[in-house]
$ cat work27.cif   # mmCIF, C-alpha atoms and all ligand atoms
data_data
loop_
_atom_site.group_PDB
_atom_site.id
_atom_site.type_symbol
_atom_site.label_atom_id
_atom_site.label_comp_id
_atom_site.auth_asym_id
_atom_site.auth_seq_id
_atom_site.Cartn_x
_atom_site.Cartn_y
_atom_site.Cartn_z
ATOM 1 C CA MET A 1462 108.414 107.391 79.458
ATOM 2 C CA PRO A 1463 107.641 104.683 82.034
ATOM 3 C CA THR A 1464 109.070 101.200 81.600
ATOM 4 C CA VAL A 1465 107.379 97.834 82.059
ATOM 5 C CA LEU A 1466 109.103 94.451 82.076
ATOM 6 C CA ILE A 1467 106.792 91.636 80.933
ATOM 7 C CA THR A 1468 107.621 87.930 81.144
ATOM 8 C CA GLY A 1469 106.097 85.510 78.636
ATOM 9 C CA ALA A 1470 105.528 88.378 76.202
ATOM 10 C CA ASN A 1471 105.498 86.284 73.029
ATOM 11 C CA ARG A 1472 101.878 85.081 73.081
ATOM 12 C CA GLY A 1473 98.536 85.278 74.814
ATOM 13 C CA ILE A 1474 97.924 87.919 77.461
ATOM 14 C CA GLY A 1475 101.633 88.842 77.696
ATOM 15 C CA LEU A 1476 101.852 89.673 73.998
ATOM 16 C CA GLU A 1477 98.721 91.806 74.176
ATOM 17 C CA LEU A 1478 99.992 93.623 77.271
ATOM 18 C CA ALA A 1479 103.239 94.378 75.401
ATOM 19 C CA ARG A 1480 101.225 95.684 72.436
ATOM 20 C CA GLN A 1481 98.961 97.882 74.552
ATOM 21 C CA TYR A 1482 101.769 99.307 76.696
ATOM 22 C CA ALA A 1483 103.784 100.100 73.549
ATOM 23 C CA ASP A 1484 100.719 101.783 72.003
ATOM 24 C CA ALA A 1485 100.390 103.852 75.184
ATOM 25 C CA GLY A 1486 103.985 105.046 74.741
ATOM 26 C CA TRP A 1487 105.667 102.914 77.391
ATOM 27 C CA VAL A 1488 109.088 101.342 76.992
ATOM 28 C CA VAL A 1489 108.488 97.582 77.040
ATOM 29 C CA ILE A 1490 111.170 95.110 78.102
ATOM 30 C CA ALA A 1491 109.576 92.074 76.513
ATOM 31 C CA CYS A 1492 110.966 88.777 77.769
ATOM 32 C CA CYS A 1493 110.277 85.377 76.261
ATOM 33 C CA ARG A 1494 111.878 81.969 76.008
ATOM 34 C CA ASN A 1495 112.604 82.068 72.271
ATOM 35 C CA PRO A 1496 112.783 85.562 70.778
ATOM 36 C CA ASP A 1497 113.740 84.059 67.402
ATOM 37 C CA ASP A 1498 110.297 82.440 67.187
ATOM 38 C CA ALA A 1499 108.386 85.423 68.584
ATOM 39 C CA VAL A 1500 107.142 86.729 65.254
ATOM 40 C CA GLU A 1501 104.188 88.747 66.564
ATOM 41 C CA LEU A 1502 106.253 90.325 69.328
ATOM 42 C CA ALA A 1503 109.019 91.202 66.866
ATOM 43 C CA ALA A 1504 106.439 93.022 64.737
ATOM 44 C CA LEU A 1505 105.733 95.552 67.520
ATOM 45 C CA PRO A 1506 107.490 98.944 67.243
ATOM 46 C CA ARG A 1507 111.191 98.294 67.918
ATOM 47 C CA ASN A 1508 111.730 101.808 69.270
ATOM 48 C CA ARG A 1509 109.487 100.924 72.228
ATOM 49 C CA VAL A 1510 109.627 97.144 72.535
ATOM 50 C CA ARG A 1511 112.969 95.504 73.310
ATOM 51 C CA MET A 1512 113.094 91.720 73.317
ATOM 52 C CA TYR A 1513 115.202 89.612 75.673
ATOM 53 C CA PRO A 1514 115.478 85.831 76.033
ATOM 54 C CA LEU A 1515 114.294 84.693 79.451
ATOM 55 C CA ASP A 1516 113.111 81.413 80.905
ATOM 56 C CA VAL A 1517 111.672 82.128 84.358
ATOM 57 C CA THR A 1518 112.697 78.690 85.627
ATOM 58 C CA ASP A 1519 116.354 79.470 84.842
ATOM 59 C CA HIS A 1520 117.490 81.548 87.811
ATOM 60 C CA GLN A 1521 120.955 82.172 86.387
ATOM 61 C CA SER A 1522 119.432 83.704 83.277
ATOM 62 C CA ILE A 1523 117.157 85.879 85.429
ATOM 63 C CA GLU A 1524 120.199 87.140 87.338
ATOM 64 C CA ALA A 1525 122.140 87.657 84.102
ATOM 65 C CA LEU A 1526 119.334 89.772 82.645
ATOM 66 C CA ALA A 1527 119.074 91.794 85.851
ATOM 67 C CA ASP A 1528 122.821 92.468 85.580
ATOM 68 C CA GLU A 1529 122.547 93.382 81.909
ATOM 69 C CA LEU A 1530 119.820 95.913 82.747
ATOM 70 C CA ALA A 1531 121.548 97.104 85.926
ATOM 71 C CA ASP A 1532 121.462 100.794 84.993
ATOM 72 C CA GLU A 1533 117.796 100.822 84.038
ATOM 73 C CA ALA A 1534 114.864 101.860 86.151
ATOM 74 C CA ILE A 1535 111.778 99.678 85.773
ATOM 75 C CA ASP A 1536 108.418 101.069 86.835
ATOM 76 C CA VAL A 1537 106.294 97.928 86.622
ATOM 77 C CA LEU A 1538 107.425 94.306 86.818
ATOM 78 C CA LEU A 1539 104.661 92.268 85.210
ATOM 79 C CA ASN A 1540 105.036 88.582 86.011
ATOM 80 C CA ASN A 1541 102.845 87.149 83.289
ATOM 81 C CA ALA A 1542 104.658 83.933 82.283
ATOM 82 C CA GLY A 1543 102.920 80.836 83.513
ATOM 83 C CA ILE A 1544 101.907 77.315 82.594
ATOM 84 C CA ILE A 1545 98.807 75.310 83.313
ATOM 85 C CA GLY A 1546 100.716 72.065 82.733
ATOM 86 C CA PRO A 1547 101.184 70.012 79.582
ATOM 87 C CA VAL A 1548 99.078 71.138 76.630
ATOM 88 C CA PRO A 1549 96.647 70.491 75.023
ATOM 89 C CA VAL A 1550 95.056 70.983 78.422
ATOM 90 C CA ALA A 1551 92.028 68.726 77.891
ATOM 91 C CA GLU A 1552 94.170 65.750 76.878
ATOM 92 C CA ASN A 1553 96.625 66.108 79.780
ATOM 93 C CA ILE A 1554 94.574 67.317 82.716
ATOM 94 C CA GLU A 1555 94.420 63.803 84.245
ATOM 95 C CA LEU A 1556 98.108 64.306 85.118
ATOM 96 C CA GLN A 1557 96.889 66.839 87.671
ATOM 97 C CA HIS A 1558 93.924 64.855 89.037
ATOM 98 C CA PHE A 1559 94.076 62.897 92.283
ATOM 99 C CA GLY A 1560 94.809 59.248 91.583
ATOM 100 C CA THR A 1561 96.804 59.967 88.416
ATOM 101 C CA ILE A 1562 98.997 62.855 89.549
ATOM 102 C CA ASP A 1563 102.309 63.230 87.740
ATOM 103 C CA TYR A 1564 104.588 64.761 90.346
ATOM 104 C CA ALA A 1565 107.180 65.864 87.790
ATOM 105 C CA VAL A 1566 104.453 67.943 86.135
ATOM 106 C CA TRP A 1567 103.478 69.410 89.512
ATOM 107 C CA GLU A 1568 107.106 70.329 90.216
ATOM 108 C CA GLN A 1569 107.503 72.046 86.843
ATOM 109 C CA VAL A 1570 104.293 74.030 87.320
ATOM 110 C CA ILE A 1571 105.429 75.206 90.775
ATOM 111 C CA ARG A 1572 108.887 76.110 89.437
ATOM 112 C CA THR A 1573 107.296 78.241 86.738
ATOM 113 C CA ASN A 1574 104.263 79.799 88.407
ATOM 114 C CA THR A 1575 105.506 80.178 91.986
ATOM 115 C CA PHE A 1576 109.300 80.310 92.025
ATOM 116 C CA GLY A 1577 109.526 82.274 88.747
ATOM 117 C CA PRO A 1578 107.694 85.441 89.872
ATOM 118 C CA VAL A 1579 109.394 85.451 93.283
ATOM 119 C CA LYS A 1580 112.855 85.076 91.735
ATOM 120 C CA MET A 1581 112.027 87.868 89.251
ATOM 121 C CA ALA A 1582 111.060 90.122 92.165
ATOM 122 C CA GLU A 1583 114.293 89.306 93.996
ATOM 123 C CA ALA A 1584 116.450 89.970 90.954
ATOM 124 C CA PHE A 1585 114.711 93.133 89.752
ATOM 125 C CA LEU A 1586 114.041 94.864 93.084
ATOM 126 C CA PRO A 1587 116.926 97.342 92.574
ATOM 127 C CA HIS A 1588 115.530 98.319 89.159
ATOM 128 C CA LEU A 1589 112.055 98.815 90.660
ATOM 129 C CA LEU A 1590 113.384 100.917 93.522
ATOM 130 C CA ALA A 1591 115.024 103.152 90.910
ATOM 131 C CA GLY A 1592 111.681 103.526 89.090
ATOM 132 C CA SER A 1593 108.899 105.916 89.954
ATOM 133 C CA GLU A 1594 105.906 103.540 90.085
ATOM 134 C CA LYS A 1595 107.484 100.658 92.009
ATOM 135 C CA LYS A 1596 104.844 98.031 91.195
ATOM 136 C CA ILE A 1597 105.134 94.245 91.041
ATOM 137 C CA VAL A 1598 102.060 92.713 89.455
ATOM 138 C CA THR A 1599 101.682 88.973 88.974
ATOM 139 C CA LEU A 1600 99.122 87.105 86.921
ATOM 140 C CA SER A 1601 97.477 84.683 89.322
ATOM 141 C CA SER A 1602 94.227 82.780 89.003
ATOM 142 C CA THR A 1603 90.915 82.404 90.783
ATOM 143 C CA VAL A 1604 91.692 78.678 90.526
ATOM 144 C CA GLY A 1605 94.228 79.334 93.317
ATOM 145 C CA SER A 1606 91.540 80.714 95.640
ATOM 146 C CA ILE A 1607 90.798 78.323 98.484
ATOM 147 C CA THR A 1608 87.221 79.482 98.937
ATOM 148 C CA GLU A 1609 86.098 80.570 95.436
ATOM 149 C CA ARG A 1610 87.032 77.520 93.383
ATOM 150 C CA ASP A 1611 87.625 73.812 93.769
ATOM 151 C CA THR A 1612 88.996 73.098 90.293
ATOM 152 C CA PRO A 1613 90.769 69.767 90.930
ATOM 153 C CA ALA A 1614 93.951 70.548 88.978
ATOM 154 C CA PHE A 1615 96.346 69.943 91.867
ATOM 155 C CA ALA A 1616 99.460 71.328 90.156
ATOM 156 C CA TYR A 1617 98.059 74.512 88.659
ATOM 157 C CA ALA A 1618 95.734 75.377 91.546
ATOM 158 C CA THR A 1619 98.354 74.964 94.267
ATOM 159 C CA SER A 1620 100.994 76.819 92.245
ATOM 160 C CA LYS A 1621 98.759 79.893 92.228
ATOM 161 C CA THR A 1622 97.715 79.498 95.885
ATOM 162 C CA ALA A 1623 101.383 79.360 96.899
ATOM 163 C CA LEU A 1624 102.142 82.278 94.592
ATOM 164 C CA ASN A 1625 99.432 84.343 96.267
ATOM 165 C CA LYS A 1626 100.823 83.659 99.724
ATOM 166 C CA ALA A 1627 104.375 84.445 98.578
ATOM 167 C CA MET A 1628 103.230 87.723 97.052
ATOM 168 C CA THR A 1629 101.365 88.777 100.210
ATOM 169 C CA LEU A 1630 104.571 88.130 102.162
ATOM 170 C CA LEU A 1631 106.436 90.223 99.600
ATOM 171 C CA ALA A 1632 103.845 92.986 99.915
ATOM 172 C CA SER A 1633 104.501 93.209 103.677
ATOM 173 C CA LYS A 1634 108.254 92.993 103.206
ATOM 174 C CA LEU A 1635 108.445 95.772 100.595
ATOM 175 C CA LYS A 1636 105.792 98.210 101.817
ATOM 176 C CA ASP A 1637 108.298 100.337 103.717
ATOM 177 C CA GLN A 1638 110.304 100.713 100.508
ATOM 178 C CA GLY A 1639 107.229 102.019 98.686
ATOM 179 C CA VAL A 1640 106.766 98.944 96.494
ATOM 180 C CA THR A 1641 103.201 97.887 95.669
ATOM 181 C CA VAL A 1642 102.702 94.155 95.122
ATOM 182 C CA ALA A 1643 99.470 92.868 93.596
ATOM 183 C CA MET A 1644 97.962 89.731 92.100
ATOM 184 C CA VAL A 1645 95.531 89.873 89.212
ATOM 185 C CA CYS A 1646 93.327 87.163 87.718
ATOM 186 C CA PRO A 1647 92.902 87.890 84.011
ATOM 187 C CA GLY A 1648 89.522 86.114 83.787
ATOM 188 C CA TYR A 1649 88.989 82.958 81.751
ATOM 189 C CA VAL A 1650 90.720 84.172 78.620
ATOM 190 C CA LYS A 1651 90.815 82.769 75.076
ATOM 191 C CA THR A 1652 94.498 81.815 75.049
ATOM 192 C CA ARG A 1653 96.340 78.498 74.865
ATOM 193 C CA MET A 1654 95.003 77.876 78.404
ATOM 194 C CA ASP A 1655 91.410 77.780 77.152
ATOM 195 C CA PHE A 1656 89.669 74.415 77.749
ATOM 196 C CA GLY A 1657 87.020 75.506 75.277
ATOM 197 C CA THR A 1658 84.728 77.616 77.459
ATOM 198 C CA ALA A 1659 86.803 80.769 77.965
ATOM 199 C CA ASP A 1660 84.626 83.852 77.776
ATOM 200 C CA VAL A 1661 87.073 86.770 77.919
ATOM 201 C CA GLU A 1662 88.781 88.208 74.844
ATOM 202 C CA ILE A 1663 92.537 88.766 75.171
ATOM 203 C CA PRO A 1664 92.420 92.542 74.462
ATOM 204 C CA ASP A 1665 89.650 93.061 77.054
ATOM 205 C CA SER A 1666 91.626 91.195 79.704
ATOM 206 C CA ALA A 1667 94.825 93.121 78.979
ATOM 207 C CA LYS A 1668 92.959 96.436 78.980
ATOM 208 C CA GLY A 1669 91.440 95.615 82.364
ATOM 209 C CA ILE A 1670 94.817 94.584 83.793
ATOM 210 C CA ARG A 1671 96.449 97.811 82.582
ATOM 211 C CA SER A 1672 93.667 99.878 84.074
ATOM 212 C CA LEU A 1673 94.020 98.064 87.407
ATOM 213 C CA ILE A 1674 97.781 98.594 87.410
ATOM 214 C CA GLU A 1675 97.316 102.280 86.695
ATOM 215 C CA ARG A 1676 94.980 102.638 89.677
ATOM 216 C CA LEU A 1677 97.104 100.594 92.101
ATOM 217 C CA LYS A 1678 98.241 102.464 95.197
ATOM 218 C CA LEU A 1679 100.586 101.418 97.974
ATOM 219 C CA SER A 1680 97.549 100.938 100.207
ATOM 220 C CA ASP A 1681 96.358 98.228 97.749
ATOM 221 C CA SER A 1682 99.522 96.200 98.242
ATOM 222 C CA GLY A 1683 98.800 92.517 98.800
ATOM 223 C CA SER A 1684 95.476 92.648 96.930
ATOM 224 C CA PHE A 1685 94.076 89.894 94.691
ATOM 225 C CA THR A 1686 91.741 91.301 92.059
ATOM 226 C CA ARG A 1687 90.004 90.163 88.873
ATOM 227 C CA TYR A 1688 90.875 92.015 85.661
ATOM 228 C CA ASN A 1689 87.514 93.822 85.865
ATOM 229 C CA GLY A 1690 88.242 95.208 89.326
ATOM 230 C CA GLU A 1691 86.263 92.686 91.425
ATOM 231 C CA ALA A 1692 87.956 91.520 94.620
ATOM 232 C CA ILE A 1693 88.649 87.761 94.774
ATOM 233 C CA ALA A 1694 88.132 85.758 97.959
ATOM 234 C CA TRP A 1695 91.325 84.089 99.185
HETATM 235 N N1 LIG A 1701 94.048 82.247 80.061
HETATM 236 C C1 LIG A 1701 93.408 82.173 81.212
HETATM 237 O O1 LIG A 1701 92.202 81.890 81.249
HETATM 238 C C2 LIG A 1701 94.122 82.457 82.506
HETATM 239 C C3 LIG A 1701 93.353 82.423 83.681
HETATM 240 C C4 LIG A 1701 93.983 82.693 84.894
HETATM 241 C C5 LIG A 1701 95.327 83.011 84.916
HETATM 242 N N2 LIG A 1701 96.042 83.032 83.759
HETATM 243 C C6 LIG A 1701 97.470 83.362 83.854
HETATM 244 O O2 LIG A 1701 97.789 84.363 82.900
HETATM 245 C C7 LIG A 1701 99.172 84.221 82.539
HETATM 246 C C8 LIG A 1701 99.302 84.241 81.024
HETATM 247 O O3 LIG A 1701 98.666 83.089 80.499
HETATM 248 P P1 LIG A 1701 98.006 83.010 79.032
HETATM 249 O O4 LIG A 1701 96.593 82.699 79.220
HETATM 250 O O5 LIG A 1701 98.405 84.174 78.216
HETATM 251 O O6 LIG A 1701 98.704 81.644 78.524
HETATM 252 P P2 LIG A 1701 99.604 81.296 77.267
HETATM 253 O O7 LIG A 1701 98.967 81.793 76.017
HETATM 254 O O8 LIG A 1701 99.897 79.863 77.389
HETATM 255 O O9 LIG A 1701 100.941 82.154 77.512
HETATM 256 C C9 LIG A 1701 101.814 81.815 78.555
HETATM 257 C C10 LIG A 1701 103.121 82.555 78.346
HETATM 258 O O10 LIG A 1701 104.010 82.184 79.396
HETATM 259 C C11 LIG A 1701 105.245 81.790 78.802
HETATM 260 N N3 LIG A 1701 105.989 80.846 79.620
HETATM 261 C C12 LIG A 1701 105.629 79.620 80.062
HETATM 262 N N4 LIG A 1701 106.626 79.056 80.757
HETATM 263 C C13 LIG A 1701 107.658 79.952 80.743
HETATM 264 C C14 LIG A 1701 108.958 79.971 81.267
HETATM 265 N N5 LIG A 1701 109.445 78.923 81.972
HETATM 266 N N6 LIG A 1701 109.737 81.051 81.082
HETATM 267 C C15 LIG A 1701 109.269 82.111 80.374
HETATM 268 N N7 LIG A 1701 108.055 82.162 79.822
HETATM 269 C C16 LIG A 1701 107.259 81.092 80.010
HETATM 270 C C17 LIG A 1701 104.839 81.162 77.473
HETATM 271 O O11 LIG A 1701 105.970 81.049 76.632
HETATM 272 P P3 LIG A 1701 106.094 79.928 75.478
HETATM 273 O O12 LIG A 1701 105.368 80.458 74.290
HETATM 274 O O13 LIG A 1701 107.576 79.814 75.271
HETATM 275 O O14 LIG A 1701 105.490 78.668 76.013
HETATM 276 C C18 LIG A 1701 103.810 82.185 77.019
HETATM 277 O O15 LIG A 1701 104.442 83.311 76.501
HETATM 278 C C19 LIG A 1701 99.662 82.922 83.199
HETATM 279 O O16 LIG A 1701 100.379 83.236 84.370
HETATM 280 C C20 LIG A 1701 98.374 82.210 83.533
HETATM 281 O O17 LIG A 1701 98.518 81.314 84.614
HETATM 282 C C21 LIG A 1701 95.470 82.760 82.554
#

$ encode --input "work27.cif" --output "structure tokens" --more "lines below"
Ligand SMILES: NC(=O)c1ccc[n+]([C@@H]2O[C@H](COP(=O)([O-])OP(=O)(O)OC[C@H]3O[C@@H](n4cnc5c(N)ncnc54)[C@H](OP(=O)(O)O)[C@@H]3O)[C@@H](O)[C@H]2O)c1
Amino acid sequence: MPTVLITGANRGIGLELARQYADAGWVVIACCRNPDDAVELAALPRNRVRMYPLDVTDHQSIEALADELADEAIDVLLNNAGIIGPVPVAENIELQHFGTIDYAVWEQVIRTNTFGPVKMAEAFLPHLLAGSEKKIVTLSSTVGSITERDTPAFAYATSKTALNKAMTLLASKLKDQGVTVAMVCPGYVKTRMDFGTADVEIPDSAKGIRSLIERLKLSDSGSFTRYNGEAIAW
């Protein structure tokens, strides 16, 4: 059975991806900050879903988990964990608007959304090379597109723009080793990140992401695609 490692698997899109991959018979390495509190994740079939504590801003813990799983092949690394900034979003978004920017917030968002996925790729490359699919897929956002959106959330938007550039560099770097690197926008999904106007249900987003991942080929490496298959302008 193929294996997927998912970060931020305790809620939202990550939890649903863990559920759907487990239902499809995959082995799921489900990572989250506090497994003891991850009640819904813990309710998934234990024979397929293994939980591990992981904070993607803690590079030592990423390396420790990579060591712990050293003998395991991983087919798909799914960098899902991310933050939009302090929640509730509507009450805190001024911290990301020009004139009232909180630079500590910006730094934390970059550490999570940009450094986290890159560090995960660095640490888990040997596991991916031992797998058969060799795919690194990261949840990005259309908000990070320079031409499609001008959402003025400086921290979140730039964290995803920088992530996209980093992942395109990674795509070039790893192509010769047969690793496919892709960025996916899940749509505006009804999770904790919803400002109140999200229009995509969590299961539909996760289903679309899984279908995209299944279709990904090495020639798609470096692509940035919406969950429904539409290409996104950079
Ligand atoms: N929802 C949308 O409309 C939307 C749109 C575009 C892109 N995205 C992206 O989709 C991904 C999933 O978001 P979501 O909508 O499912 O949001 P969510 O419900 O807030 O879930 C985010 C997940 O990331 C985890 N996380 C945050 N910081 C972490 C850290 N330092 N280490 C490990 N895990 C961490 C959270 O864990 P805790 O429970 O411990 O906080 C949670 O499991 C994110 O990358 C997001 O940027 C979402």

$ residues_near_ligand --input "work27.cif" --ligand "ligand LIG 1701 (chain A)" --cutoff "9 Å" --atoms "all atoms listed in the file" --output "PyMOL selection string"
chain A and resi 1468-1477+1492-1496+1498-1499+1514-1519+1540-1545+1548+1569-1570+1572-1574+1577+1599-1604+1617+1621+1645-1656+1659-1661+1663

$ residues_around --input "work27.cif" --residues "Glu1675 in chain A" --least-positions-apart "4" --cutoff "10 Å" --atoms "all atoms listed in the file" --output "list of chain:residue names"
A:Val1537, A:Glu1594, A:Lys1596, A:Gly1669, A:Ile1670, A:Arg1671

$ atom_distance --input "work27.cif" --atom1 "CA of Ala1582 in chain A" --atom2 "CA of Val1566 in chain A"
23.9 Å

$ resolve_selection --input "work27.cif" --expression "the PyMOL selection byres (((chain A and resi 1640) around 12) and not hetatm)" --output "PDB file with C-alpha atoms, in the coordinates of the input"
ATOM      1  CA  ILE A1535     111.778  99.678  85.773  1.00  0.00           C
ATOM      2  CA  ASP A1536     108.418 101.069  86.835  1.00  0.00           C
ATOM      3  CA  VAL A1537     106.294  97.928  86.622  1.00  0.00           C
ATOM      4  CA  LEU A1538     107.425  94.306  86.818  1.00  0.00           C
ATOM      5  CA  ALA A1582     111.060  90.122  92.165  1.00  0.00           C
ATOM      6  CA  PHE A1585     114.711  93.133  89.752  1.00  0.00           C
ATOM      7  CA  LEU A1586     114.041  94.864  93.084  1.00  0.00           C
ATOM      8  CA  PRO A1587     116.926  97.342  92.574  1.00  0.00           C
ATOM      9  CA  HIS A1588     115.530  98.319  89.159  1.00  0.00           C
ATOM     10  CA  LEU A1589     112.055  98.815  90.660  1.00  0.00           C
ATOM     11  CA  LEU A1590     113.384 100.917  93.522  1.00  0.00           C
ATOM     12  CA  ALA A1591     115.024 103.152  90.910  1.00  0.00           C
ATOM     13  CA  GLY A1592     111.681 103.526  89.090  1.00  0.00           C
ATOM     14  CA  SER A1593     108.899 105.916  89.954  1.00  0.00           C
ATOM     15  CA  GLU A1594     105.906 103.540  90.085  1.00  0.00           C
ATOM     16  CA  LYS A1595     107.484 100.658  92.009  1.00  0.00           C
ATOM     17  CA  LYS A1596     104.844  98.031  91.195  1.00  0.00           C
ATOM     18  CA  ILE A1597     105.134  94.245  91.041  1.00  0.00           C
ATOM     19  CA  VAL A1598     102.060  92.713  89.455  1.00  0.00           C
ATOM     20  CA  MET A1628     103.230  87.723  97.052  1.00  0.00           C
ATOM     21  CA  LEU A1631     106.436  90.223  99.600  1.00  0.00           C
ATOM     22  CA  ALA A1632     103.845  92.986  99.915  1.00  0.00           C
ATOM     23  CA  SER A1633     104.501  93.209 103.677  1.00  0.00           C
ATOM     24  CA  LYS A1634     108.254  92.993 103.206  1.00  0.00           C
ATOM     25  CA  LEU A1635     108.445  95.772 100.595  1.00  0.00           C
ATOM     26  CA  LYS A1636     105.792  98.210 101.817  1.00  0.00           C
ATOM     27  CA  ASP A1637     108.298 100.337 103.717  1.00  0.00           C
ATOM     28  CA  GLN A1638     110.304 100.713 100.508  1.00  0.00           C
ATOM     29  CA  GLY A1639     107.229 102.019  98.686  1.00  0.00           C
ATOM     30  CA  THR A1641     103.201  97.887  95.669  1.00  0.00           C
ATOM     31  CA  VAL A1642     102.702  94.155  95.122  1.00  0.00           C
ATOM     32  CA  ALA A1643      99.470  92.868  93.596  1.00  0.00           C
ATOM     33  CA  LEU A1677      97.104 100.594  92.101  1.00  0.00           C
ATOM     34  CA  LYS A1678      98.241 102.464  95.197  1.00  0.00           C
ATOM     35  CA  LEU A1679     100.586 101.418  97.974  1.00  0.00           C
ATOM     36  CA  SER A1680      97.549 100.938 100.207  1.00  0.00           C
ATOM     37  CA  ASP A1681      96.358  98.228  97.749  1.00  0.00           C
ATOM     38  CA  SER A1682      99.522  96.200  98.242  1.00  0.00           C
ATOM     39  CA  GLY A1683      98.800  92.517  98.800  1.00  0.00           C
TER      40      GLY A1683
END

$ atom_distance --input "work27.cif" --atom1 "CA of Gly1690 in chain A" --atom2 "CA of Leu1673 in chain A"
6.7 Å

$ residues_around --input "work27.cif" --residues "Glu1524 in chain A" --least-positions-apart "4" --cutoff "9 Å" --atoms "only C-alpha atoms" --output "compact mmCIF listing (two decimals) with C-alpha atoms, in the coordinates of the input"
# COMPACT_ATOMS: atom_id res chain seq x y z
CA ASP A 1519 116.35 79.47 84.84
CA HIS A 1520 117.49 81.55 87.81
CA ASP A 1528 122.82 92.47 85.58
CA GLU A 1529 122.55 93.38 81.91
CA LYS A 1580 112.86 85.08 91.74
CA MET A 1581 112.03 87.87 89.25
CA ALA A 1584 116.45 89.97 90.95
CA PHE A 1585 114.71 93.13 89.75

$ resolve_selection --input "work27.cif" --expression "the PyMOL selection byres (((chain A and resi 1607) around 6) and not hetatm)" --output "list in words"
Ser1606, Thr1608 and Trp1695 of chain A

$ closest_residue --input "work27.cif" --among "A:Trp1567, A:Trp1487, A:Phe1685, A:Tyr1513" --to "Glu1555 in chain A" --atoms "all atoms listed in the file"
A:Trp1567

$ residues_near_point --input "work27.cif" --point "(100.7, 64.5, 89.4)" --cutoff "12 Å" --atoms "all atoms listed in the file" --output "ChimeraX atom specification"
/A:1546-1547,1553-1571,1613-1617,1619

$ residues_around --input "work27.cif" --residues "Arg1480 in chain A" --least-positions-apart "5" --cutoff "9 Å" --atoms "only C-alpha atoms" --output "VMD selection string"
chain A and resid 1475 1485 1489 1502 1505 to 1506 1510

$ atom_distance --input "work27.cif" --atom1 "CA of Ala1491 in chain A" --atom2 "CA of Leu1539 in chain A"
10.0 Å

$ axis_aligned_box --input "work27.cif" --around "range 1657-1668 of chain A" --padding-each-side "3 Å" --output "JSON"
{"center_x": 89.7, "center_y": 86.0, "center_z": 77.1, "size_x": 16.2, "size_y": 26.9, "size_z": 11.2}

$ decode --input "work27.cif" --residues "range 1491-1501 of chain A" --atoms "N, CA, C and O atoms" --output "PDB file, in the first residue's frame"
ATOM      1  N   ALA A1491       0.171  10.607   9.941  1.00  0.00           N
ATOM      2  CA  ALA A1491      -0.601  11.815  10.231  1.00  0.00           C
ATOM      3  C   ALA A1491       0.100  12.624  11.314  1.00  0.00           C
ATOM      4  O   ALA A1491       0.186  12.203  12.465  1.00  0.00           O
ATOM      5  N   CYS A1492       0.616  13.786  10.921  1.00  0.00           N
ATOM      6  CA  CYS A1492       1.390  14.597  11.868  1.00  0.00           C
ATOM      7  C   CYS A1492       0.549  15.787  12.342  1.00  0.00           C
ATOM      8  O   CYS A1492      -0.172  16.397  11.552  1.00  0.00           O
ATOM      9  N   CYS A1493       0.678  16.081  13.621  1.00  0.00           N
ATOM     10  CA  CYS A1493      -0.017  17.269  14.145  1.00  0.00           C
ATOM     11  C   CYS A1493       0.693  17.731  15.410  1.00  0.00           C
ATOM     12  O   CYS A1493       1.465  16.987  16.009  1.00  0.00           O
ATOM     13  N   ARG A1494       0.383  18.983  15.791  1.00  0.00           N
ATOM     14  CA  ARG A1494       1.106  19.549  16.934  1.00  0.00           C
ATOM     15  C   ARG A1494       0.781  18.831  18.234  1.00  0.00           C
ATOM     16  O   ARG A1494       1.665  18.568  19.029  1.00  0.00           O
ATOM     17  N   ASN A1495      -0.491  18.506  18.444  1.00  0.00           N
ATOM     18  CA  ASN A1495      -0.908  17.909  19.720  1.00  0.00           C
ATOM     19  C   ASN A1495      -1.763  16.667  19.512  1.00  0.00           C
ATOM     20  O   ASN A1495      -2.993  16.747  19.589  1.00  0.00           O
ATOM     21  N   PRO A1496      -1.128  15.522  19.275  1.00  0.00           N
ATOM     22  CA  PRO A1496      -1.918  14.306  19.042  1.00  0.00           C
ATOM     23  C   PRO A1496      -2.899  14.006  20.180  1.00  0.00           C
ATOM     24  O   PRO A1496      -3.987  13.473  19.928  1.00  0.00           O
ATOM     25  N   ASP A1497      -2.552  14.391  21.405  1.00  0.00           N
ATOM     26  CA  ASP A1497      -3.460  14.093  22.528  1.00  0.00           C
ATOM     27  C   ASP A1497      -4.808  14.795  22.379  1.00  0.00           C
ATOM     28  O   ASP A1497      -5.812  14.338  22.916  1.00  0.00           O
ATOM     29  N   ASP A1498      -4.818  15.925  21.676  1.00  0.00           N
ATOM     30  CA  ASP A1498      -6.069  16.671  21.492  1.00  0.00           C
ATOM     31  C   ASP A1498      -6.754  16.350  20.159  1.00  0.00           C
ATOM     32  O   ASP A1498      -7.819  16.892  19.869  1.00  0.00           O
ATOM     33  N   ALA A1499      -6.125  15.499  19.360  1.00  0.00           N
ATOM     34  CA  ALA A1499      -6.625  15.266  17.997  1.00  0.00           C
ATOM     35  C   ALA A1499      -7.672  14.145  18.002  1.00  0.00           C
ATOM     36  O   ALA A1499      -7.449  13.046  17.487  1.00  0.00           O
ATOM     37  N   VAL A1500      -8.810  14.458  18.555  1.00  0.00           N
ATOM     38  CA  VAL A1500      -9.848  13.439  18.781  1.00  0.00           C
ATOM     39  C   VAL A1500     -10.363  12.848  17.464  1.00  0.00           C
ATOM     40  O   VAL A1500     -10.486  11.628  17.324  1.00  0.00           O
ATOM     41  N   GLU A1501     -10.638  13.727  16.494  1.00  0.00           N
ATOM     42  CA  GLU A1501     -11.192  13.218  15.223  1.00  0.00           C
ATOM     43  C   GLU A1501     -10.162  12.395  14.458  1.00  0.00           C
ATOM     44  O   GLU A1501     -10.490  11.375  13.854  1.00  0.00           O
TER      45      GLU A1501
END
